[in-house]
Amino acid sequence: MKIAGREEMLEIERYAMKEIGISGAVLMEIAGNQIAEEIMRSYPDQSVHITVLVGSGNNGGDGFVIARRLFDAGYTPDVWLLADEEKLEGDARTQYQIHTRRKLSLHLMEEGLSSLDETLKQSEVLVDAMLGTGVKGAVREPLNQIIEQVNSHDFHVIAVDIPSGLDCNTGKVENVAVEADETYAFTMPKLGFFLQDGPSVIGNWQVKNISVPEGLADDLEMNLPEVITRALATASLPKRPQFGHKGTFGHALVFGGSKPFVGAPIYSAHTAFHCGVGLSTLVIPEEVYPVIASQNQTALVRTLPSESGHFTGAGVEEALFEKVTAVAIGPGMGRFDQGPELIRDIIGHLDEQPVVIDADGLFHVKDQLELLDRYKGPVILTPHPGEMATLTGRSVAEVEADRLDIAQSFASEHNVNLVLKGHRTIVATPHGTWVNPLGNDALAKGGSGDVLTGMVTAFLAQGAAPDDAMRAAVYLHAASGEQAAIDCSHYGVTPDDIIASSRKVLKQLEGNG
């Protein structure tokens with residue numbers, strides 16, 4: 001499932017009208033009818049009080065179609081036109097004329113905001129057809145006041161294509177946006193659904209087919225980001241031969257740990273084992289061995305010389321990586337003077353195995369990114385926004401304001417694969433970009449990122465290509481967090497709960513396959 005921005009969606013629709021011959025009026029009829037049918041399925045009682053708020057653009061035209069179809073089915077929606085009739089143009093004006101010539105009920109802005117508020121007080125369902133994907137910047141009066149009124153009431157809100165006030169490209173809400181319970185997007189989800197404020201206002205979203213094929217984006221040679229759907233995540237999992245043995249399923253090595261951070265590498269190694277890898281090995285500073293050994297039940301353990309609880313940088317040799325099929329560097333490693341040299345030494349001893357670099361491994365590699373470009377094997381970086389800011393020399397705010405473009409640009413510039421963590425995690429490679437639609441606050445705990453590192457490393461160790469491993473891992477991680485929140489509450493989820501839930505989710509995905 002592809003994701004479109006404002007300009008891409010306009011180009012695709014224009015192409016559909018020109019090359020396929022579907023007029024804008026027909027697209028509007030299909031779009032409005034799709035949402036009207038959803039409303040009627042959800043609310044079969046025709047006495048339900050529905051309010052449709054209509055703006056001046058094509059989004060408003062969709063609203064007129066929705067209202068007309070509801071009237072035709074025996075419903076009596078309150079329809080409010082929140083714009084000057086003279087400003088209606090094109091297909092939206094046509095739909096307005098159909099509505100009025102049929103003498104269907106219509107309220108105008110001259111009735112006043114207090115009258116509108118009385119209507120809202122009685123409403124059970126609100127259809128937001130005020131502003132569409134063309135919105136840029138702050139919502140102006142009086143629509144900003146109307147949106148605030150909408151958000152102050154307790155009814156079910158359905159957004160047409162996109163919640164009014166949400167920027168289609170950036171996900172930014174400059175001053176106010178409709179807080180939808182459901183958003184029905186036409187043809188494709190919009191970029192803003194997954195960025196900045198978008199996830200907090202779109203509610204549950206669905207894509208409606210309005211006879212504009214998604215494949216037109218390929219005809220137009222658009223390299224659009226994609227949603228990591230459940231089906232894509234399932235297809236991305238490494239295959240498991242029925243008669244395989246532990247050697248078949250790879251050997252993951254986790255290089256990390258320090259005196260202050262003993263738990264992180266354990267989470268990564270344990271997760272890798274629970275996600276199907278045949279063998280999992282921890283390489284840790286020798287001083288922390290007693291603590292880690294007492295908590296470790298699944299991983300082999302190797303120790304290297306240490307001082308003050310950190311690696312000294314000594315002891316890295318080729319034998320350490322013999323038969324290892326994927327390496328994770330960084331969980332719990334901490335910051336120490338020999339860190340950059342240790343990273344160089346590790347990578348220098350590898351034989352093109354996939355490498356995942358996380359946590360302070362990223363700090364130690366930030367000034368030697370050319371090392372990653374020279375490495376002949378796959379490199380996967382898994383930064384959170386703070387670590388991404390360090391890698392790029394930007395502020396966290398700058399990273400969060402432009403997550404998608406920054407991830408895409410960094411992956412291409414440095415020839416690496418990237419997992420930019422966040423509420424809607426982004427997967428970027430030099431050739432493509434994906435967005436994970438899942439995840440919640442239950443994952444906002446120390447150790448959660450180490451679990452994700454273990455998942456990525458596990459799938460790489462089992463032979464998955466980097467893009468497959470990242471897609472499967474970020475989806476599994478988020479879905480496991482959501483499952484753990486159901487079982488343990490959003491407050492109580494720990495990394496161990498995420499690991500335990502991952503087995504449930506993997507079983508579900510395995511069943512889908």
# chains A, B, ... in the order shown; residues from 1 in each chain; ligands from 1
>>> select_by_dssp(residues="stretch 121-284 of chain A", states="helix (DSSP H, G or I)", output="PyMOL selection string")
chain A and resi 121-122+143-152+191-193+198-201+216-219+230-236+263-274
>>> closest_atom_pairs(of="stretch 124-182 of chain A", to="stretch 187-195 of chain A", cutoff="9 Å", atoms="only C-alpha atoms", output="tab-separated table")
residue	atom	partner	partner_atom	distance
A:Thr133	CA	A:Lys190	CA	8.5
A:Asp161	CA	A:Pro189	CA	8.3
A:Ile162	CA	A:Lys190	CA	7.8
A:Leu166	CA	A:Gly192	CA	7.1
A:Asp167	CA	A:Gly192	CA	6.0
A:Cys168	CA	A:Gly192	CA	4.6
A:Asn169	CA	A:Gly192	CA	5.1
A:Thr170	CA	A:Gly192	CA	5.1
A:Gly171	CA	A:Gly192	CA	3.6
A:Lys172	CA	A:Gly192	CA	7.3
>>> select_by_dssp(residues="stretch 194-320 of chain A", states="strand (DSSP E)", output="list in words")
Asn204, Trp205, Gln206, Val207, Lys208, Glu226, Val227, His251, Ala252, Leu253, Val254, Phe255, Leu279, Ser280, Thr281, Leu282, Val283, Ile284, Pro285, Leu300, Val301, Arg302, Thr303, Leu304, Ser306, Glu307, His310 and Phe311 of chain A
>>> residues_around(residues="A:Thr429", least_positions_apart="3", cutoff="9 Å", atoms="only C-alpha atoms", output="short mmCIF file (atom, residue, chain, number, x, y, z; two decimals) with N, CA and C atoms, in the first residue's frame")
data_model
loop_
_atom_site.label_atom_id
_atom_site.label_comp_id
_atom_site.auth_asym_id
_atom_site.auth_seq_id
_atom_site.Cartn_x
_atom_site.Cartn_y
_atom_site.Cartn_z
N ALA A 407 15.32 10.55 6.77
CA ALA A 407 15.64 9.12 6.71
C ALA A 407 16.01 8.69 5.30
N GLN A 408 15.21 9.12 4.33
CA GLN A 408 15.48 8.77 2.93
C GLN A 408 16.83 9.30 2.48
N PHE A 410 19.47 10.24 4.26
CA PHE A 410 20.61 9.66 4.96
C PHE A 410 20.92 8.28 4.41
N ALA A 411 19.89 7.46 4.21
CA ALA A 411 20.11 6.11 3.69
C ALA A 411 20.77 6.15 2.32
N SER A 412 20.32 7.06 1.47
CA SER A 412 20.88 7.16 0.12
C SER A 412 22.30 7.71 0.14
N ASN A 415 24.60 5.03 1.86
CA ASN A 415 24.45 3.67 1.37
C ASN A 415 24.22 2.68 2.52
N VAL A 416 23.32 3.05 3.41
CA VAL A 416 22.99 2.20 4.54
C VAL A 416 21.48 1.98 4.57
N ASN A 417 21.08 1.06 5.43
CA ASN A 417 19.66 0.82 5.70
C ASN A 417 19.35 1.40 7.07
N LEU A 418 18.18 2.01 7.19
CA LEU A 418 17.90 2.80 8.39
C LEU A 418 16.53 2.45 8.97
N VAL A 419 16.51 2.30 10.28
CA VAL A 419 15.25 2.22 11.03
C VAL A 419 15.21 3.44 11.93
N GLY A 432 14.19 2.49 -1.29
CA GLY A 432 12.78 2.53 -0.93
C GLY A 432 12.56 2.92 0.52
N THR A 433 11.31 3.26 0.83
CA THR A 433 10.96 3.72 2.18
C THR A 433 9.62 3.12 2.57
N TRP A 434 9.51 2.74 3.83
CA TRP A 434 8.28 2.16 4.37
C TRP A 434 7.96 2.80 5.71
N PRO A 466 17.97 -7.23 4.00
CA PRO A 466 17.83 -6.12 4.96
C PRO A 466 16.46 -5.47 4.98
N ASP A 467 15.87 -5.18 3.79
CA ASP A 467 14.56 -4.52 3.80
C ASP A 467 13.49 -5.44 4.39
#
>>> atom_distance(atom1="atom CA of A:Val135", atom2="atom CA of A:Glu398")
21.6 Å
>>> residues_around(residues="A:Gln295", least_positions_apart="4", cutoff="12 Å", atoms="only C-alpha atoms", output="MDAnalysis selection string")
chainID A and resid 262:267 269:270 288:291 299 301
>>> write_last_selection(atoms="N, CA and C atoms", output="mmCIF file, in the first residue's frame")
data_model
loop_
_atom_site.group_PDB
_atom_site.id
_atom_site.type_symbol
_atom_site.label_atom_id
_atom_site.label_comp_id
_atom_site.auth_asym_id
_atom_site.auth_seq_id
_atom_site.Cartn_x
_atom_site.Cartn_y
_atom_site.Cartn_z
ATOM 1 N N VAL A 262 23.755 -3.341 31.891
ATOM 2 C CA VAL A 262 23.893 -4.793 31.721
ATOM 3 C C VAL A 262 22.673 -5.419 31.061
ATOM 4 N N GLY A 263 21.505 -4.781 31.179
ATOM 5 C CA GLY A 263 20.283 -5.401 30.675
ATOM 6 C C GLY A 263 20.134 -5.355 29.171
ATOM 7 N N ALA A 264 20.637 -4.271 28.539
ATOM 8 C CA ALA A 264 20.377 -4.039 27.114
ATOM 9 C C ALA A 264 20.817 -5.201 26.223
ATOM 10 N N PRO A 265 22.064 -5.667 26.327
ATOM 11 C CA PRO A 265 22.464 -6.756 25.420
ATOM 12 C C PRO A 265 21.710 -8.047 25.695
ATOM 13 N N ILE A 266 21.308 -8.261 26.954
ATOM 14 C CA ILE A 266 20.523 -9.458 27.267
ATOM 15 C C ILE A 266 19.194 -9.426 26.537
ATOM 16 N N TYR A 267 18.523 -8.268 26.564
ATOM 17 C CA TYR A 267 17.255 -8.147 25.839
ATOM 18 C C TYR A 267 17.437 -8.446 24.359
ATOM 19 N N ALA A 269 19.844 -10.217 22.795
ATOM 20 C CA ALA A 269 20.197 -11.623 22.536
ATOM 21 C C ALA A 269 19.015 -12.550 22.795
ATOM 22 N N HIS A 270 18.277 -12.295 23.864
ATOM 23 C CA HIS A 270 17.118 -13.135 24.173
ATOM 24 C C HIS A 270 16.038 -12.977 23.098
ATOM 25 N N VAL A 288 31.492 -7.504 33.671
ATOM 26 C CA VAL A 288 30.051 -7.611 33.906
ATOM 27 C C VAL A 288 29.548 -9.036 33.720
ATOM 28 N N TYR A 289 30.470 -9.972 33.467
ATOM 29 C CA TYR A 289 30.051 -11.355 33.235
ATOM 30 C C TYR A 289 29.207 -11.926 34.378
ATOM 31 N N PRO A 290 29.607 -11.773 35.656
ATOM 32 C CA PRO A 290 28.802 -12.391 36.724
ATOM 33 C C PRO A 290 27.347 -11.920 36.730
ATOM 34 N N VAL A 291 27.155 -10.617 36.503
ATOM 35 C CA VAL A 291 25.788 -10.082 36.531
ATOM 36 C C VAL A 291 24.984 -10.604 35.340
ATOM 37 N N ALA A 299 21.508 -17.430 25.724
ATOM 38 C CA ALA A 299 22.617 -17.056 24.840
ATOM 39 C C ALA A 299 23.935 -17.653 25.311
ATOM 40 N N VAL A 301 27.941 -17.032 25.794
ATOM 41 C CA VAL A 301 28.592 -15.817 26.280
ATOM 42 C C VAL A 301 30.083 -15.875 26.004
#
>>> residues_around(residues="stretch 48-61 of chain A", least_positions_apart="3", cutoff="6 Å", atoms="only C-alpha atoms", output="PyMOL selection string")
chain A and resi 45+64+77-83+88+92+95+123-130+132
>>> residues_around(residues="A:Asp487", least_positions_apart="3", cutoff="12 Å", atoms="only C-alpha atoms", output="PyMOL selection string")
chain A and resi 442+480-484+490-494+497-498+500-501+504
>>> residues_around(residues="A:Asp367", least_positions_apart="4", cutoff="10 Å", atoms="only C-alpha atoms", output="ChimeraX atom specification")
/A:340,362-363,371,390-391
>>> closest_residue(among="A:Ala67, A:Leu10, A:Leu232, A:Ile202", to="A:Glu29", atoms="only C-alpha atoms")
A:Ala67
>>> closest_residue(among="A:Ile346, A:Met9, A:Ala444, A:Ile210", to="A:Ile22", atoms="only C-alpha atoms")
A:Ile210
>>> closest_residue(among="A:Met222, A:Ile158, A:Val277, A:Ala326", to="A:Gly5", atoms="only C-alpha atoms")
A:Met222
>>> closest_residue(among="A:Ile292, A:Met109, A:Met470, A:Met333", to="A:Ser258", atoms="only C-alpha atoms")
A:Met333
